[in-house]
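Trainee: Data file entry35.cif (mmCIF, C-alpha atoms and all ligand atoms) is appended below.
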```
data_input
#
loop_
_atom_site.label_atom_id
_atom_site.label_comp_id
_atom_site.auth_asym_id
_atom_site.auth_seq_id
_atom_site.Cartn_x
_atom_site.Cartn_y
_atom_site.Cartn_z
CA MET A 14 -8.02 -10.12 -30.90
CA SER A 15 -5.51 -8.53 -33.31
CA ASP A 16 -6.87 -5.26 -31.92
CA THR A 17 -5.50 -6.11 -28.45
CA TYR A 18 -2.02 -6.58 -29.87
CA ALA A 19 -2.27 -3.40 -31.95
CA LYS A 20 -3.22 -1.43 -28.83
CA ARG A 21 -0.22 -2.84 -26.96
CA ARG A 22 2.08 -1.84 -29.82
CA LEU A 23 0.65 1.66 -29.83
CA ARG A 24 1.09 2.00 -26.07
CA LEU A 25 4.71 0.95 -26.35
CA THR A 26 5.37 3.37 -29.22
CA GLN A 27 3.83 6.21 -27.23
CA GLN A 28 6.33 5.64 -24.43
CA MET A 29 9.36 5.68 -26.73
CA GLY A 30 9.89 9.33 -27.61
CA SER A 31 11.52 9.66 -31.03
CA GLY A 32 12.82 6.23 -31.82
CA ILE A 33 12.57 2.87 -33.45
CA ALA A 34 12.04 -0.39 -31.60
CA ILE A 35 13.22 -3.75 -32.86
CA ILE A 36 11.79 -6.83 -31.16
CA PRO A 37 12.94 -10.18 -32.57
CA ASN A 38 11.10 -13.44 -32.09
CA ALA A 39 12.98 -16.38 -30.52
CA PRO A 40 15.20 -18.54 -32.75
CA GLU A 41 14.48 -22.21 -33.38
CA MET A 42 16.70 -24.42 -31.22
CA ARG A 43 18.46 -27.61 -32.25
CA ARG A 44 18.17 -30.38 -29.66
CA ASN A 45 20.32 -33.02 -31.33
CA GLY A 46 20.85 -34.49 -34.79
CA ASP A 47 17.99 -33.27 -36.94
CA ALA A 48 15.62 -32.86 -34.00
CA ASP A 49 14.63 -29.43 -32.72
CA TYR A 50 13.24 -28.44 -29.33
CA PRO A 51 9.53 -27.68 -29.62
CA TYR A 52 9.39 -24.10 -30.88
CA ARG A 53 8.49 -21.47 -28.28
CA PHE A 54 8.03 -17.86 -29.37
CA ASP A 55 9.65 -15.03 -27.43
CA SER A 56 7.13 -13.90 -24.83
CA SER A 57 7.48 -10.17 -25.47
CA PHE A 58 7.34 -10.59 -29.25
CA TYR A 59 4.16 -12.62 -28.93
CA TYR A 60 2.68 -10.21 -26.38
CA LEU A 61 2.94 -7.47 -29.01
CA THR A 62 1.99 -9.43 -32.12
CA GLY A 63 0.17 -12.72 -31.52
CA PHE A 64 2.24 -13.91 -34.49
CA PRO A 65 3.42 -17.49 -33.97
CA GLU A 66 6.10 -18.09 -36.61
CA PRO A 67 9.86 -18.21 -36.04
CA GLU A 68 12.20 -16.03 -38.14
CA SER A 69 10.14 -12.94 -37.52
CA VAL A 70 10.91 -9.47 -36.20
CA LEU A 71 8.62 -6.64 -35.11
CA VAL A 72 9.70 -3.06 -35.84
CA LEU A 73 7.90 -0.08 -34.33
CA VAL A 74 8.53 3.50 -35.38
CA SER A 75 7.27 6.27 -33.12
CA GLY A 76 6.27 9.80 -34.12
CA ASP A 77 3.15 11.52 -35.42
CA ALA A 78 2.32 8.59 -37.66
CA PRO A 79 3.54 5.55 -35.70
CA GLN A 80 4.22 2.46 -37.76
CA SER A 81 4.08 -1.16 -36.89
CA ILE A 82 6.02 -3.36 -39.29
CA LEU A 83 6.46 -7.13 -39.40
CA PHE A 84 9.31 -8.99 -41.05
CA CYS A 85 8.57 -12.68 -41.57
CA ARG A 86 9.23 -15.71 -43.74
CA GLU A 87 7.96 -15.59 -47.30
CA LYS A 88 5.43 -18.06 -48.61
CA ASP A 89 7.30 -21.15 -49.81
CA ILE A 90 5.13 -23.96 -51.11
CA GLU A 91 8.05 -26.41 -51.13
CA ARG A 92 8.88 -25.77 -47.43
CA GLU A 93 5.20 -25.71 -46.52
CA ILE A 94 4.85 -29.29 -47.81
CA TRP A 95 7.42 -30.33 -45.19
CA ASP A 96 6.86 -27.95 -42.27
CA GLY A 97 3.36 -26.57 -42.62
CA TYR A 98 1.64 -23.29 -43.33
CA ARG A 99 3.44 -19.96 -43.42
CA HIS A 100 1.48 -16.73 -43.58
CA GLY A 101 3.92 -14.79 -45.71
CA PRO A 102 4.09 -10.99 -45.36
CA GLU A 103 0.85 -10.14 -47.16
CA ALA A 104 -1.45 -12.45 -45.18
CA ALA A 105 0.41 -11.66 -41.95
CA ARG A 106 -0.13 -7.93 -42.42
CA GLU A 107 -3.79 -8.39 -43.06
CA HIS A 108 -4.51 -10.99 -40.41
CA PHE A 109 -2.45 -9.50 -37.57
CA GLY A 110 -3.09 -5.84 -38.28
CA PHE A 111 0.38 -4.49 -39.10
CA ASP A 112 0.81 -1.33 -41.16
CA SER A 113 3.19 -3.17 -43.45
CA ALA A 114 5.03 -6.47 -43.67
CA HIS A 115 8.16 -7.55 -45.54
CA PRO A 116 10.21 -10.68 -46.14
CA ILE A 117 12.69 -11.31 -43.33
CA SER A 118 15.49 -11.34 -45.95
CA GLU A 119 14.99 -7.58 -46.34
CA LEU A 120 15.38 -6.82 -42.65
CA ASP A 121 18.88 -5.28 -42.58
CA GLN A 122 18.38 -3.17 -45.67
CA GLN A 123 15.05 -1.80 -44.40
CA LEU A 124 16.29 -1.26 -40.86
CA ALA A 125 19.17 0.88 -42.07
CA LEU A 126 16.61 3.13 -43.77
CA LEU A 127 14.14 3.13 -40.87
CA MET A 128 16.89 4.12 -38.42
CA GLU A 129 17.65 7.31 -40.33
CA ASN A 130 16.94 10.46 -38.30
CA GLN A 131 15.63 8.55 -35.28
CA GLU A 132 17.00 9.63 -31.91
CA ALA A 133 17.05 6.23 -30.25
CA VAL A 134 17.12 2.55 -31.11
CA TYR A 135 15.25 0.35 -28.65
CA TYR A 136 15.95 -3.36 -28.70
CA PRO A 137 16.59 -6.17 -26.16
CA MET A 138 20.08 -4.89 -25.40
CA GLY A 139 22.58 -7.47 -24.24
CA ALA A 140 20.13 -10.36 -24.64
CA ASP A 141 21.97 -11.81 -27.62
CA ALA A 142 25.50 -11.00 -28.80
CA GLY A 143 24.54 -11.46 -32.47
CA TRP A 144 21.79 -8.84 -32.20
CA ASP A 145 24.08 -6.44 -30.31
CA GLN A 146 26.59 -6.62 -33.17
CA ARG A 147 23.91 -6.31 -35.79
CA MET A 148 22.47 -3.16 -34.21
CA LEU A 149 25.91 -1.51 -33.97
CA ARG A 150 26.71 -2.45 -37.55
CA LEU A 151 23.43 -1.02 -38.84
CA ARG A 152 23.89 2.17 -36.84
CA GLU A 153 27.36 2.45 -38.35
CA GLU A 154 25.84 2.17 -41.83
CA VAL A 155 23.50 5.07 -41.08
CA GLN A 156 26.40 7.01 -39.59
CA LYS A 157 28.24 6.79 -42.93
CA LYS A 158 25.44 8.78 -44.54
CA THR A 159 25.80 11.82 -42.25
CA ARG A 160 27.47 13.85 -44.98
CA SER A 161 24.27 13.65 -46.96
CA GLY A 162 22.41 15.17 -44.02
CA VAL A 163 21.13 11.95 -42.43
CA ARG A 164 21.33 11.68 -38.63
CA ALA A 165 22.19 8.39 -36.95
CA PRO A 166 20.49 7.47 -33.65
CA ASP A 167 22.46 8.77 -30.67
CA GLU A 168 21.13 6.31 -28.19
CA MET A 169 20.72 2.59 -27.87
CA ARG A 170 18.19 1.63 -25.18
CA ASP A 171 16.84 -1.60 -23.74
CA VAL A 172 13.26 -1.98 -24.96
CA ARG A 173 12.63 -4.57 -22.27
CA ALA A 174 12.35 -1.91 -19.55
CA LEU A 175 9.18 -0.62 -21.23
CA ILE A 176 7.69 -3.95 -22.30
CA ASN A 177 8.34 -5.63 -18.96
CA GLU A 178 6.42 -2.98 -17.09
CA MET A 179 3.48 -3.43 -19.49
CA ARG A 180 3.58 -7.21 -19.13
CA LEU A 181 3.57 -6.99 -15.34
CA PHE A 182 -0.04 -5.77 -15.39
CA LYS A 183 -2.32 -8.41 -16.84
CA ASP A 184 -5.53 -7.37 -18.56
CA ALA A 185 -8.83 -9.26 -18.30
CA HIS A 186 -8.04 -11.41 -21.34
CA GLU A 187 -4.69 -12.45 -19.88
CA ILE A 188 -6.21 -13.20 -16.47
CA ALA A 189 -8.79 -15.41 -18.19
CA LEU A 190 -6.01 -17.40 -19.90
CA MET A 191 -4.09 -17.70 -16.62
CA ARG A 192 -7.24 -18.89 -14.87
CA ARG A 193 -7.56 -21.63 -17.49
CA ALA A 194 -3.86 -22.60 -17.24
CA ALA A 195 -4.27 -22.76 -13.45
CA ALA A 196 -7.43 -24.88 -13.68
CA ILE A 197 -5.76 -27.41 -15.99
CA SER A 198 -2.76 -27.67 -13.67
CA ALA A 199 -4.97 -28.00 -10.60
CA SER A 200 -6.76 -30.85 -12.29
CA ALA A 201 -3.39 -32.49 -13.04
CA HIS A 202 -2.42 -32.26 -9.36
CA ARG A 203 -5.72 -33.82 -8.32
CA ARG A 204 -5.12 -36.61 -10.80
CA ALA A 205 -1.62 -37.21 -9.38
CA MET A 206 -3.06 -37.45 -5.86
CA GLN A 207 -5.57 -40.04 -7.02
CA PHE A 208 -3.05 -41.99 -9.07
CA VAL A 209 -0.11 -42.28 -6.68
CA ARG A 210 0.64 -45.52 -4.84
CA ALA A 211 3.61 -47.16 -3.14
CA GLY A 212 5.85 -48.84 -5.72
CA ALA A 213 5.09 -46.33 -8.50
CA TYR A 214 7.99 -44.43 -10.02
CA GLU A 215 8.15 -40.66 -9.93
CA TYR A 216 8.09 -40.56 -13.75
CA GLU A 217 4.80 -42.45 -13.80
CA VAL A 218 3.27 -39.62 -11.79
CA GLU A 219 4.92 -37.12 -14.15
CA ALA A 220 3.26 -38.92 -17.07
CA GLU A 221 -0.16 -38.42 -15.44
CA LEU A 222 0.51 -34.69 -15.11
CA LEU A 223 1.70 -34.30 -18.69
CA HIS A 224 -1.23 -36.28 -20.04
CA GLU A 225 -3.68 -34.06 -18.18
CA PHE A 226 -1.95 -30.92 -19.51
CA CYS A 227 -1.85 -32.11 -23.09
CA ARG A 228 -5.38 -33.49 -23.29
CA ASN A 229 -6.63 -30.05 -22.26
CA GLY A 230 -4.79 -28.25 -25.05
CA ALA A 231 -1.78 -27.26 -22.94
CA ARG A 232 0.84 -29.11 -24.96
CA HIS A 233 3.81 -28.11 -22.82
CA PRO A 234 4.64 -27.67 -19.18
CA ALA A 235 5.65 -24.11 -18.27
CA TYR A 236 8.87 -25.56 -16.76
CA THR A 237 10.26 -29.03 -16.14
CA SER A 238 8.05 -30.84 -13.64
CA ILE A 239 9.52 -31.67 -10.24
CA VAL A 240 8.18 -34.99 -8.94
CA ALA A 241 10.18 -35.62 -5.80
CA GLY A 242 9.49 -38.42 -3.32
CA GLY A 243 10.96 -38.54 0.20
CA ALA A 244 14.44 -37.02 0.52
CA ASN A 245 14.38 -35.91 -3.14
CA ALA A 246 12.01 -33.12 -2.08
CA CYS A 247 14.95 -31.46 -0.29
CA VAL A 248 16.66 -30.91 -3.67
CA LEU A 249 15.02 -27.68 -4.77
CA HIS A 250 15.41 -28.22 -8.52
CA TYR A 251 15.08 -32.03 -8.54
CA VAL A 252 14.05 -33.13 -12.04
CA ALA A 253 15.51 -36.66 -12.35
CA ASN A 254 12.02 -38.00 -11.44
CA ASP A 255 13.23 -41.61 -11.57
CA ALA A 256 12.92 -42.94 -8.00
CA LYS A 257 10.48 -45.53 -6.71
CA LEU A 258 7.98 -44.19 -4.18
CA LYS A 259 7.52 -45.70 -0.72
CA LYS A 260 4.31 -45.70 1.32
CA SER A 261 5.98 -43.60 4.04
CA ASP A 262 7.21 -40.92 1.59
CA LEU A 263 5.78 -37.49 1.15
CA LEU A 264 5.63 -36.61 -2.54
CA LEU A 265 6.38 -33.03 -3.59
CA ILE A 266 5.10 -32.11 -7.04
CA ASP A 267 5.92 -28.73 -8.55
CA ALA A 268 4.27 -28.74 -11.98
CA GLY A 269 2.27 -26.33 -14.10
CA CYS A 270 1.22 -26.16 -17.71
CA GLU A 271 1.57 -23.37 -20.23
CA TYR A 272 -1.74 -22.52 -21.88
CA ARG A 273 -1.78 -20.24 -24.95
CA GLY A 274 1.47 -18.64 -23.87
CA TYR A 275 0.61 -18.26 -20.16
CA ALA A 276 2.19 -20.17 -17.30
CA SER A 277 0.79 -21.72 -14.19
CA ASP A 278 2.97 -22.87 -11.31
CA ILE A 279 1.59 -25.15 -8.59
CA THR A 280 3.28 -27.14 -5.84
CA ARG A 281 1.51 -29.66 -3.67
CA THR A 282 3.03 -32.07 -1.17
CA PHE A 283 1.09 -35.13 -0.04
CA PRO A 284 1.63 -38.58 1.50
CA VAL A 285 2.11 -41.49 -0.92
CA GLY A 286 0.17 -43.63 1.56
CA GLY A 287 -2.78 -41.21 1.60
CA LYS A 288 -2.55 -40.16 5.30
CA PHE A 289 -0.44 -37.43 6.88
CA THR A 290 1.15 -38.74 10.08
CA GLY A 291 3.61 -37.81 12.84
CA ALA A 292 6.35 -35.23 12.23
CA LYS A 293 5.50 -34.94 8.53
CA LYS A 294 2.01 -33.82 9.43
CA ASP A 295 3.38 -31.31 11.97
CA VAL A 296 5.74 -29.76 9.42
CA TYR A 297 3.01 -29.75 6.77
CA GLU A 298 0.64 -27.80 9.02
CA ILE A 299 3.35 -25.20 9.67
CA VAL A 300 4.06 -24.68 5.95
CA LEU A 301 0.33 -24.51 5.20
CA ALA A 302 -0.23 -21.93 7.95
CA ALA A 303 2.68 -19.88 6.56
CA GLN A 304 1.24 -20.10 3.05
CA LEU A 305 -2.25 -19.01 4.14
CA GLU A 306 -0.79 -16.09 6.07
CA ALA A 307 1.29 -15.06 3.04
CA ILE A 308 -1.75 -15.23 0.75
CA ARG A 309 -3.65 -13.01 3.20
CA ALA A 310 -0.86 -10.44 2.81
CA ALA A 311 -1.13 -10.46 -1.00
CA MET A 312 -3.35 -7.38 -1.10
CA PRO A 313 -3.35 -4.23 -3.20
CA GLY A 314 -1.37 -1.51 -1.42
CA ASN A 315 0.77 -4.00 0.49
CA SER A 316 4.41 -4.27 -0.51
CA TRP A 317 5.85 -7.06 -2.65
CA ASP A 318 7.78 -8.20 0.42
CA ASP A 319 4.79 -8.44 2.80
CA PRO A 320 3.76 -12.00 1.84
CA HIS A 321 7.37 -13.15 2.29
CA GLN A 322 7.64 -11.53 5.73
CA ALA A 323 4.26 -12.97 6.75
CA ALA A 324 5.36 -16.48 5.72
CA LEU A 325 8.72 -16.12 7.45
CA ARG A 326 7.19 -15.24 10.82
CA VAL A 327 4.96 -18.31 10.81
CA LEU A 328 7.73 -20.59 9.56
CA ILE A 329 10.20 -19.34 12.14
CA GLN A 330 7.76 -19.87 15.02
CA GLY A 331 7.26 -23.38 13.63
CA PHE A 332 11.01 -24.00 13.38
CA MET A 333 11.31 -22.98 17.05
CA ASP A 334 8.51 -25.35 18.05
CA LEU A 335 10.23 -28.16 16.14
CA ARG A 336 13.56 -27.32 17.87
CA LEU A 337 15.22 -26.49 14.57
CA CYS A 338 15.98 -22.86 15.49
CA LYS A 339 16.79 -21.16 18.78
CA GLY A 340 15.98 -17.59 19.83
CA THR A 341 12.97 -15.38 19.22
CA VAL A 342 11.15 -14.79 15.95
CA ASP A 343 12.88 -11.42 15.63
CA SER A 344 16.35 -12.68 16.52
CA ILE A 345 16.04 -15.59 14.07
CA LEU A 346 14.82 -13.23 11.34
CA GLU A 347 17.84 -11.07 12.08
CA ASP A 348 20.51 -13.80 12.24
CA GLY A 349 19.07 -15.68 9.24
CA SER A 350 19.45 -19.13 10.86
CA TYR A 351 16.05 -20.09 9.37
CA LYS A 352 17.72 -20.15 5.92
CA LYS A 353 19.11 -23.59 6.67
CA TYR A 354 15.52 -24.87 6.28
CA TYR A 355 13.93 -22.19 4.09
CA MET A 356 16.42 -20.75 1.62
CA HIS A 357 14.26 -19.27 -1.14
CA ARG A 358 11.86 -16.37 -1.36
CA THR A 359 8.11 -16.80 -1.07
CA GLY A 360 7.25 -16.05 -4.69
CA HIS A 361 7.85 -14.40 -8.03
CA TRP A 362 5.85 -12.69 -10.74
CA LEU A 363 3.96 -15.09 -13.00
CA GLY A 364 2.76 -14.51 -16.55
CA MET A 365 3.94 -15.55 -19.99
CA ASP A 366 7.18 -16.69 -18.35
CA VAL A 367 7.05 -18.76 -15.19
CA HIS A 368 9.48 -16.37 -13.54
CA ASP A 369 7.84 -13.45 -15.24
CA VAL A 370 9.27 -10.07 -16.08
CA GLY A 371 8.79 -6.91 -14.01
CA GLU A 372 10.82 -5.10 -11.40
CA TYR A 373 10.39 -6.03 -7.76
CA LYS A 374 11.75 -2.74 -6.46
CA SER A 375 11.23 0.85 -7.41
CA ASP A 376 13.60 3.54 -6.12
CA GLU A 377 15.34 0.84 -4.07
CA LYS A 378 12.10 0.06 -2.21
CA TRP A 379 9.91 -3.03 -2.63
CA ARG A 380 7.12 -1.95 -4.91
CA SER A 381 3.43 -2.05 -3.96
CA LEU A 382 1.11 -4.78 -5.12
CA GLU A 383 -1.43 -3.47 -7.62
CA PRO A 384 -4.47 -4.88 -9.44
CA GLY A 385 -3.44 -6.94 -12.47
CA MET A 386 -0.21 -8.26 -10.98
CA VAL A 387 0.02 -12.04 -10.65
CA LEU A 388 2.44 -13.69 -8.26
CA THR A 389 3.12 -17.08 -6.75
CA VAL A 390 3.01 -17.73 -3.01
CA GLU A 391 5.22 -20.70 -2.23
CA PRO A 392 6.75 -21.12 1.21
CA GLY A 393 8.45 -24.39 2.04
CA CYS A 394 10.64 -26.25 4.48
CA TYR A 395 13.53 -28.56 3.58
CA ILE A 396 15.22 -30.49 6.39
CA ARG A 397 18.43 -32.33 5.63
CA PRO A 398 19.97 -34.82 8.06
CA ALA A 399 22.25 -33.14 10.62
CA ASP A 400 23.40 -33.81 14.18
CA ASP A 401 21.47 -30.87 15.55
CA VAL A 402 18.22 -31.90 13.85
CA PRO A 403 15.75 -34.30 15.55
CA ARG A 404 15.88 -37.56 13.63
CA ALA A 405 12.12 -37.68 13.03
CA LEU A 406 12.48 -34.56 10.86
CA TRP A 407 15.27 -35.79 8.60
CA ASN A 408 14.60 -35.62 4.85
CA ILE A 409 11.24 -33.93 5.10
CA GLY A 410 10.76 -31.55 2.17
CA ILE A 411 7.50 -29.63 1.80
CA ARG A 412 6.38 -26.74 -0.39
CA ILE A 413 2.88 -25.43 -1.08
CA GLU A 414 2.50 -23.05 -4.02
CA ASP A 415 -0.46 -21.16 -5.44
CA ASP A 416 -0.89 -18.51 -8.14
CA VAL A 417 -2.51 -15.32 -6.91
CA ALA A 418 -3.90 -12.43 -8.98
CA ILE A 419 -4.14 -9.07 -7.23
CA THR A 420 -7.58 -7.46 -7.75
CA GLY A 421 -9.03 -4.06 -6.89
CA SER A 422 -10.41 -5.29 -3.59
CA GLY A 423 -8.09 -8.15 -2.64
CA HIS A 424 -6.93 -11.16 -4.58
CA GLU A 425 -8.03 -14.22 -6.49
CA VAL A 426 -6.29 -17.54 -5.90
CA LEU A 427 -6.24 -18.93 -9.43
CA THR A 428 -5.10 -22.39 -8.35
CA ASP A 429 -7.58 -23.17 -5.61
CA GLY A 430 -8.82 -26.20 -7.58
CA ALA A 431 -5.87 -28.15 -6.16
CA PRO A 432 -6.63 -29.30 -2.59
CA LYS A 433 -4.12 -28.41 0.13
CA THR A 434 -5.63 -28.89 3.58
CA VAL A 435 -4.81 -32.20 5.26
CA ARG A 436 -8.52 -33.06 5.26
CA ASP A 437 -9.16 -32.22 1.62
CA ILE A 438 -6.08 -34.08 0.40
CA GLU A 439 -6.80 -37.18 2.49
CA GLU A 440 -10.41 -37.16 1.39
CA LEU A 441 -9.49 -36.98 -2.31
CA MET A 442 -6.81 -39.65 -1.95
CA GLY A 443 -9.23 -41.90 -0.08
CA LYS A 444 -11.79 -41.82 -2.88
CA PRO A 445 -12.05 -45.07 -4.82
N1 LIG A 501 8.49 -24.00 -10.58
C1 LIG A 501 9.36 -22.92 -10.48
C2 LIG A 501 9.12 -22.14 -9.27
O1 LIG A 501 8.34 -22.54 -8.44
O2 LIG A 501 9.63 -21.08 -9.11
MN MN A 502 7.12 -20.73 -8.46
MN MN A 503 6.80 -23.98 -8.78
#
```
So, in terms of structure tokens, how does the structure I just supplied come out?
Mentor:
Amino acid sequence: MSDTYAKRRLRLTQQMGSGIAIIPNAPEMRRNGDADYPYRFDSSFYYLTGFPEPESVLVLVSGDAPQSILFCREKDIEREIWDGYRHGPEAAREHFGFDSAHPISELDQQLALLMENQEAVYYPMGADAGWDQRMLRLREEVQKKTRSGVRAPDEMRDVRALINEMRLFKDAHEIALMRRAAAISASAHRRAMQFVRAGAYEYEVEAELLHEFCRNGARHPAYTSIVAGGANACVLHYVANDAKLKKSDLLLIDAGCEYRGYASDITRTFPVGGKFTGAKKDVYEIVLAAQLEAIRAAMPGNSWDDPHQAALRVLIQGFMDLRLCKGTVDSILEDGSYKKYYMHRTGHWLGMDVHDVGEYKSDEKWRSLEPGMVLTVEPGCYIRPADDVPRALWNIGIRIEDDVAITGSGHEVLTDGAPKTVRDIEELMGKP
């Protein structure tokens, strides 16, 4: 496995020209008092190293003999009694396949030497003010040595442009991890459907999801779970999750686990009472039809925007049928009146981050979908009370979201373990 990371580092170095890249891991974050947030590595750092410890920095030097150098915490038996094992530079070098490794305390001194005579410094520019200052200060130090014939780097560049493009295309190993993350999350959604009942609180359903994630080795959700009953589903980022559910409510759950650094992102909407009825069923069928049409458009060679446009056309026809919008599909697309009920886009890249890195446009045009890209497909409909809205539709909020990997010949829906047709959901919920 360390070979995979070494190959990624080499590929990055080969794209750099003459330069040095500095990629810091994420800092530990204080939550309150003496309690920290659970530590989460920086995705790009981990993508290039597989090294899990905080207080670490990767340095890559390009050229004829490219070097890959890790700076990390030293062994410290006293601290290890309290906080657990640390590799220390020597074991880290050996285990993770770096050319060399040094204590993190030596970082500035070594960087000032490594920057000498390089043309460019690549780092996550603008991501952190402290790092911006540090890079300028170190460059200044090298600059002071010009009289002794040393050249300071002329250029500072954002290393993320290169890494993000690499991360956008998932290899077979990454797809396998995402498949597993998706399967765990799908199983959590099935469990929520079987658990839910009138009188339960949203947080009780959330507890079912989290338990299913954790017991499968996915200790953390990829983002805060949305468990939104009834009108709460019309709040796009609802995370209070503290309301009591009624039999007549639809329940919207947007929840996905992170598994070994990879996110999943699933939304399902289903009736607390176990049966879709009336206007809620009508709206559900429209959103589902839009989602299926959008998934059909997620094909290699199609543009990033095609699934969104496909979903919009179905949704808009539905909004006309429900008397929410007036005009023709084209006129409503043009005037944007559909945005009152569908105000977000139909998806985003998915990977180590839930809203993953990667450009959506190239040369000002939506880019093409290519094998290895993974995206979500998540149309919805959110109807708030208003005088011009039929009363039966008030407070209906529905979204259906799957994770889709683009393949050579089409696509793979990673999350199809979570039921979404009316029949499949009702059947699962009706099981004893
Ligand atoms: N759960 C975040 C999103 O769907 O984009
Ligand atoms: Mn999403
Ligand atoms: Mn989501």
Trainee: Tell me, in Å to one decimal, how far CA of Arg53 (chain A) is from CA of Ala39 (chain A).
Mentor: 7.1 Å
Trainee: Residues within 12 Å of Leu328 (chain A), please, as a ChimeraX atom specification. Count all atoms listed in the file; anything in the same chain fewer than 2 positions from it doesn't count.
Mentor: /A:295-307,321-326,330-335,337-338,342,345-346,350-352,354-356,359,392-395,411-412
Trainee: Using all atoms listed in the file, pick whichever of A:Pro234, A:Gly274, A:Gly443, A:Pro403 has the shortest atom-to-atom distance to ligand LIG 501 (chain A).
Mentor: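 Once distances to ligand LIG 501 (chain A) are computed over all atoms listed in the file, the minimum belongs to A:Pro234.
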Trainee: Can you measure CA of Ala189 (chain A) to CA of Leu83 (chain A) for me? One decimal in Å is fine.
Mentor: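 Atom-to-atom, CA of Ala189 (chain A) and CA of Leu83 (chain A) are spaced 27.4 Å apart.
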Trainee: Enumerate as an mmCIF file with C-alpha atoms, in the frame of the given file the residues within 8 Å of ligand MN 503 (chain A), counting only C-alpha atoms and all ligand atoms.
Mentor:
```cif
data_model
loop_
_atom_site.group_PDB
_atom_site.id
_atom_site.type_symbol
_atom_site.label_atom_id
_atom_site.label_comp_id
_atom_site.auth_asym_id
_atom_site.auth_seq_id
_atom_site.Cartn_x
_atom_site.Cartn_y
_atom_site.Cartn_z
ATOM 1 C CA ASP A 267 5.920 -28.730 -8.550
ATOM 2 C CA ALA A 268 4.270 -28.740 -11.980
ATOM 3 C CA GLY A 269 2.270 -26.330 -14.100
ATOM 4 C CA ASP A 278 2.970 -22.870 -11.310
ATOM 5 C CA ILE A 279 1.590 -25.150 -8.590
ATOM 6 C CA THR A 280 3.280 -27.140 -5.840
ATOM 7 C CA GLU A 391 5.220 -20.700 -2.230
ATOM 8 C CA GLU A 414 2.500 -23.050 -4.020
#
```
Trainee: For a cut-off of 8 Å around (8.8, -43.1, -4.9), file coordinates, pick out all residues using only C-alpha atoms and list them as a PyMOL selection string.
Mentor: chain A and resi 211-215+241-243+256-259+262+264+285
Trainee: What gap, in Å, lies between CA of Glu440 (chain A) and CA of Gln207 (chain A)?
Mentor: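 CA of Gln207 (chain A) lies at a distance of 10.1 Å from CA of Glu440 (chain A).
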Trainee: I'd like to know which of A:Arg43, A:Ser381, A:Val387, A:Ile33 is closest to ligand MN 502 (chain A), using only C-alpha atoms and all ligand atoms.
Mentor: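 Checking each of A:Arg43, A:Ser381, A:Val387, A:Ile33 against ligand MN 502 (chain A), counting only C-alpha atoms and all ligand atoms, the winner is A:Val387.
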Trainee: Using only C-alpha atoms, which of A:Val209, A:Leu149, A:Ile438, A:Val426 sits nearest Ile308 (chain A)?
Mentor: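 The closest residue to Ile308 (chain A) is A:Val426.
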Trainee: With distances taken over all atoms listed in the file, which of A:Ser316, A:Asp437, A:Leu73, A:Pro37 is nearest to Ala140 (chain A)?
Mentor: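 Using all atoms listed in the file, the shortest distance to Ala140 (chain A) belongs to A:Pro37.
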Trainee: For Gly385 (chain A), which of A:Arg210, A:Ala185, A:Tyr216, A:Asn408 is the closest residue, counting only C-alpha atoms?
Mentor: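 Answer, going by the shortest atom-to-atom distance: A:Ala185.
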Trainee: Find the spatial neighbours of Lys374 (chain A), counting only C-alpha atoms, within a cut-off of 12 Å - ignore same-chain residues fewer than 5 positions away - and output them as a ChimeraX atom specification.
Mentor: /A:178,316-318,379-382
Trainee: Just to be explicit: take each residue in the selection above, keep C-alpha atoms, and write the result as an mmCIF file, in the frame of the given file.
Mentor:
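Saved file selection-v4.cif follows:
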```cif
data_model
loop_
_atom_site.group_PDB
_atom_site.id
_atom_site.type_symbol
_atom_site.label_atom_id
_atom_site.label_comp_id
_atom_site.auth_asym_id
_atom_site.auth_seq_id
_atom_site.Cartn_x
_atom_site.Cartn_y
_atom_site.Cartn_z
ATOM 1 C CA GLU A 178 6.420 -2.980 -17.090
ATOM 2 C CA SER A 316 4.410 -4.270 -0.510
ATOM 3 C CA TRP A 317 5.850 -7.060 -2.650
ATOM 4 C CA ASP A 318 7.780 -8.200 0.420
ATOM 5 C CA TRP A 379 9.910 -3.030 -2.630
ATOM 6 C CA ARG A 380 7.120 -1.950 -4.910
ATOM 7 C CA SER A 381 3.430 -2.050 -3.960
ATOM 8 C CA LEU A 382 1.110 -4.780 -5.120
#
```
Trainee: Give the answer as one residue: which of A:Ile197, A:Ala292, A:Gly364, A:Glu219 has the shortest atom-to-atom distance to ligand MN 502 (chain A), using all atoms listed in the file?
Mentor: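 Of the candidates, the smallest distance to ligand MN 502 (chain A) is held by A:Gly364.
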Trainee: Identify the residues around (5.0, 8.7, -33.5) within a radius of 12 Å, measuring from all atoms listed in the file in the coordinates stated by the file, and give them as a PyMOL selection string.
Mentor: chain A and resi 22-34+73-81+131
Trainee: Quick one: residues within 12 Å of Arg228 (chain A), all atoms listed in the file, excluding same-chain residues fewer than 6 positions away - as an mmCIF file with C-alpha atoms, in the coordinates of the input?
Mentor:
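The result, stored in part17.cif:
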```
data_model
loop_
_atom_site.group_PDB
_atom_site.id
_atom_site.type_symbol
_atom_site.label_atom_id
_atom_site.label_comp_id
_atom_site.auth_asym_id
_atom_site.auth_seq_id
_atom_site.Cartn_x
_atom_site.Cartn_y
_atom_site.Cartn_z
ATOM 1 C CA ILE A 197 -5.760 -27.410 -15.990
ATOM 2 C CA SER A 198 -2.760 -27.670 -13.670
ATOM 3 C CA SER A 200 -6.760 -30.850 -12.290
ATOM 4 C CA ALA A 201 -3.390 -32.490 -13.040
ATOM 5 C CA ALA A 220 3.260 -38.920 -17.070
ATOM 6 C CA GLU A 221 -0.160 -38.420 -15.440
ATOM 7 C CA LEU A 222 0.510 -34.690 -15.110
ATOM 8 C CA CYS A 270 1.220 -26.160 -17.710
ATOM 9 C CA TYR A 272 -1.740 -22.520 -21.880
#
```
